[in-house]
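Below is one structure; the comments refer to it alone.
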Amino acid sequence: MSLGIEVLIPEQDVRDRIQEIADALSEKYAGEEVLLVGILNGSVFFLTELAQKMNVPVEIDFMAASSYGSGTESSGRVLITKDLERSIKGAHVVIVEDIVDTGQTLHLLTEMLLERQPASLEVCVLLDKPARRKVCMDADFIGFEIPDAFVVGWGLDYDQKYRDLPYIGVIKEQ
Ligand code: 5GP
């Protein structure tokens, strides 16, 4: 049995939507500087495209988190494996993430960053999979709402592969 990938969201649709989000962010933060906080590794492709399309000054920094526990189901706990390099006190921060699924990662990261007293904190995700939500997590900027399927591309991996696909695909067994 081999794996194939079915296109869920074509490349141009993704790029067009990122442009729309970049425009909305540029309008919201007009006259300000923005710190984009990417969550490694999945956010990298989305963050890069977003930053290049925004027309307000941006800085970037990264965090990494992994959920821990036993078995395949997330325990609901999240471990920070890489923290930011700088203080965010007084900064306009936008967390940039590939996908919000159960919501646990972004819920925890949002709480953690709010304690550091940014001037503002918003959450921007390329994909939203609301069917699997376990904790309340509403992103402020959402690229696409998708059904409950395992997706790859634009930073999202399957066993560390397919992150570089320029479209969003669904893995299918053939
Ligand atoms: P959470 O469940 O905490 O909202 O999401 C945690 C992480 O699970 C996401 O950042 C992402 O790395 C991963 N994830 C969730 N759904 C998918 C998916 O459909 N495909 C891939 N490749 N990763 C996913």
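Here, A, B, ... name the chains of the structure tokens in the order displayed, residue numbers run from 1 inside each chain, and ligands are numbered from 1 in the same displayed order.
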
task = Name the residues in contact with region 37-42 of chain A at a cut-off of 8 Å, using only C-alpha atoms, excluding same-chain residues fewer than 6 positions from it; report them as a list of chain:residue names.
result =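 Neighbouring residues, sequence-local ones excluded: A:Ile60, A:Asp61, A:Phe62, A:Met63, A:Ala64, A:Ala65, A:Val93, A:Val94, A:Ile95, A:Val96, A:Glu97, A:Asp98, A:Trp154, A:Gly155, A:Leu156, A:Asp157, A:Arg163.
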
message = Based on the backbone DSSP call, show me all residues of chain A assigned strand (DSSP E or B), as a ChimeraX atom specification.
response = /A:3-9,34-40,58-68,77-82,92-100,120-128,141-145,151-153,156,158,161,168-173

ask   = Using only C-alpha atoms and all ligand atoms, which protein or nucleic acid residues are at most 9 Å from ligand 1, as a VMD selection string?
value = chain A and resid 39 to 43 65 to 67 74 76 78 97 to 108 127 to 129 132 to 135 137 148 to 153 155 to 160 162 to 163 170

inquiry  = Applying 10 Å and only C-alpha atoms, which residues near Arg15 (chain A) remain after dropping the ones on its own chain fewer than 5 positions away? List them as JSON, numbers by chain.
reply    = {"A": [10, 20, 21, 46, 49, 50, 53, 143, 166, 167]}

For the residues selected in the previous step, produce a file with N, CA and C atoms as a JSON list (two decimals), in the first residue's frame.
[["chain", "number", "residue", "atom", "x", "y", "z"],
["A", 10, "PRO", "N", -5.54, 24.46, -3.66],
["A", 10, "PRO", "CA", -4.48, 24.67, -4.66],
["A", 10, "PRO", "C", -3.54, 25.83, -4.27],
["A", 20, "GLU", "N", -4.48, 38.32, 1.28],
["A", 20, "GLU", "CA", -5.62, 38.97, 1.96],
["A", 20, "GLU", "C", -5.33, 39.14, 3.45],
["A", 21, "ILE", "N", -4.76, 38.11, 4.06],
["A", 21, "ILE", "CA", -4.44, 38.21, 5.49],
["A", 21, "ILE", "C", -3.37, 39.27, 5.72],
["A", 46, "PHE", "N", 4.48, 29.67, 5.92],
["A", 46, "PHE", "CA", 3.39, 30.65, 6.03],
["A", 46, "PHE", "C", 3.92, 31.99, 6.52],
["A", 49, "GLU", "N", 5.95, 33.91, 3.77],
["A", 49, "GLU", "CA", 5.10, 34.50, 2.73],
["A", 49, "GLU", "C", 4.32, 35.70, 3.29],
["A", 50, "LEU", "N", 3.81, 35.53, 4.51],
["A", 50, "LEU", "CA", 3.02, 36.59, 5.14],
["A", 50, "LEU", "C", 3.88, 37.84, 5.35],
["A", 53, "LYS", "N", 4.58, 39.82, 2.27],
["A", 53, "LYS", "CA", 3.41, 40.48, 1.68],
["A", 53, "LYS", "C", 2.88, 41.63, 2.55],
["A", 143, "GLY", "N", -6.77, 31.50, 7.65],
["A", 143, "GLY", "CA", -6.71, 31.35, 6.19],
["A", 143, "GLY", "C", -7.89, 30.55, 5.68],
["A", 166, "PRO", "N", 3.73, 23.26, -2.14],
["A", 166, "PRO", "CA", 3.18, 24.62, -2.22],
["A", 166, "PRO", "C", 1.65, 24.65, -2.21],
["A", 167, "TYR", "N", 1.03, 23.50, -2.00],
["A", 167, "TYR", "CA", -0.43, 23.44, -1.87],
["A", 167, "TYR", "C", -0.76, 22.68, -0.58]]

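When only C-alpha atoms are used to measure the gap to Leu113 (chain A), the shortest distance among A:Lys172, A:Arg77, A:Arg86, A:Arg17 belongs to A:Arg86.
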
key: d(CA of Cys136 (chain A), CA of Glu59 (chain A)) in Å   = 28.2 Å

task = Find the residues near Gln174 (chain A): any atom within 12 Å, counting only C-alpha atoms, skip ones fewer than 5 places away on the same chain, and give them as a list in words.
result =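 Neighbouring residues, sequence-local ones excluded: Met1, Ser2, Leu3, Gly4, Ile5 and Glu6 of chain A.
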
Restricting the output to all heavy atoms, write the selected residues as a tab-separated table (two decimals), in the first residue's frame.
chain	number	residue	atom	x	y	z
A	1	MET	N	0.85	-1.21	0.00
A	1	MET	CA	0.00	0.00	0.00
A	1	MET	C	0.88	1.26	0.00
A	1	MET	O	1.82	1.35	0.78
A	1	MET	CB	-0.88	0.00	1.24
A	1	MET	CG	-1.90	1.09	1.21
A	1	MET	SD	-3.19	0.87	2.45
A	1	MET	CE	-2.45	-0.11	3.73
A	2	SER	N	0.62	2.18	-0.90
A	2	SER	CA	1.42	3.41	-0.94
A	2	SER	C	0.53	4.60	-0.57
A	2	SER	O	-0.69	4.49	-0.51
A	2	SER	CB	2.03	3.61	-2.32
A	2	SER	OG	1.00	3.81	-3.25
A	3	LEU	N	1.17	5.71	-0.36
A	3	LEU	CA	0.43	6.92	0.01
A	3	LEU	C	0.41	7.90	-1.16
A	3	LEU	O	1.41	8.09	-1.84
A	3	LEU	CB	1.10	7.59	1.21
A	3	LEU	CG	1.12	6.80	2.53
A	3	LEU	CD1	1.87	7.58	3.59
A	3	LEU	CD2	-0.30	6.51	2.99
A	4	GLY	N	-0.73	8.49	-1.39
A	4	GLY	CA	-0.84	9.53	-2.40
A	4	GLY	C	-1.33	10.80	-1.73
A	4	GLY	O	-1.77	10.78	-0.58
A	5	ILE	N	-1.21	11.90	-2.44
A	5	ILE	CA	-1.67	13.18	-1.87
A	5	ILE	C	-2.70	13.81	-2.80
A	5	ILE	O	-2.44	14.00	-3.98
A	5	ILE	CB	-0.48	14.14	-1.66
A	5	ILE	CG1	0.49	13.52	-0.67
A	5	ILE	CG2	-0.97	15.49	-1.15
A	5	ILE	CD1	1.79	14.26	-0.55
A	6	GLU	N	-3.85	14.09	-2.23
A	6	GLU	CA	-4.93	14.74	-2.98
A	6	GLU	C	-4.91	16.23	-2.66
A	6	GLU	O	-4.81	16.59	-1.48
A	6	GLU	CB	-6.24	14.12	-2.50
A	6	GLU	CG	-7.44	14.39	-3.34
A	6	GLU	CD	-8.60	13.55	-2.81
A	6	GLU	OE1	-8.71	12.37	-3.18
A	6	GLU	OE2	-9.37	14.10	-1.99

query = Which value, in Å to one decimal, gives the distance between CA of Gly31 (chain A) and CA of Val56 (chain A)?
reply = 7.2 Å

task = Using only C-alpha atoms, determine which residues lie at most 7 Å from Ala22 (chain A), disregarding the query and same-chain residues fewer than 3 positions distant; provide the list as a VMD selection string.
result = chain A and resid 18 to 19 25 to 26 50 53 to 54

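For the atom pair formed by CA of Ala24 (chain A) and CA of Val7 (chain A), the distance is 26.5 Å, given to one decimal.
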
key: Which of region 81-165 of chain A DSSP labels helix (DSSP H, G or I), written as a list in words   = Gln104, Thr105, Leu106, His107, Leu108, Leu109, Thr110, Glu111, Met112, Leu113, Leu114, Pro130, Ala131 and Arg132 of chain A

request  = Return the single residue from A:Phe45, A:Pro130, A:Glu122, A:Ile9 that is closest to His92 (chain A), with distances computed using only C-alpha atoms.
outcome  =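 Looking at the shortest contact to His92 (chain A), the residue is A:Glu122.
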
query = Of the residues A:Phe141, A:Leu35, A:Asp16, A:Pro147, which is the one nearest to Glu85 (chain A), using only C-alpha atoms?
reply =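 So, comparing all the options, the nearest one is A:Leu35.
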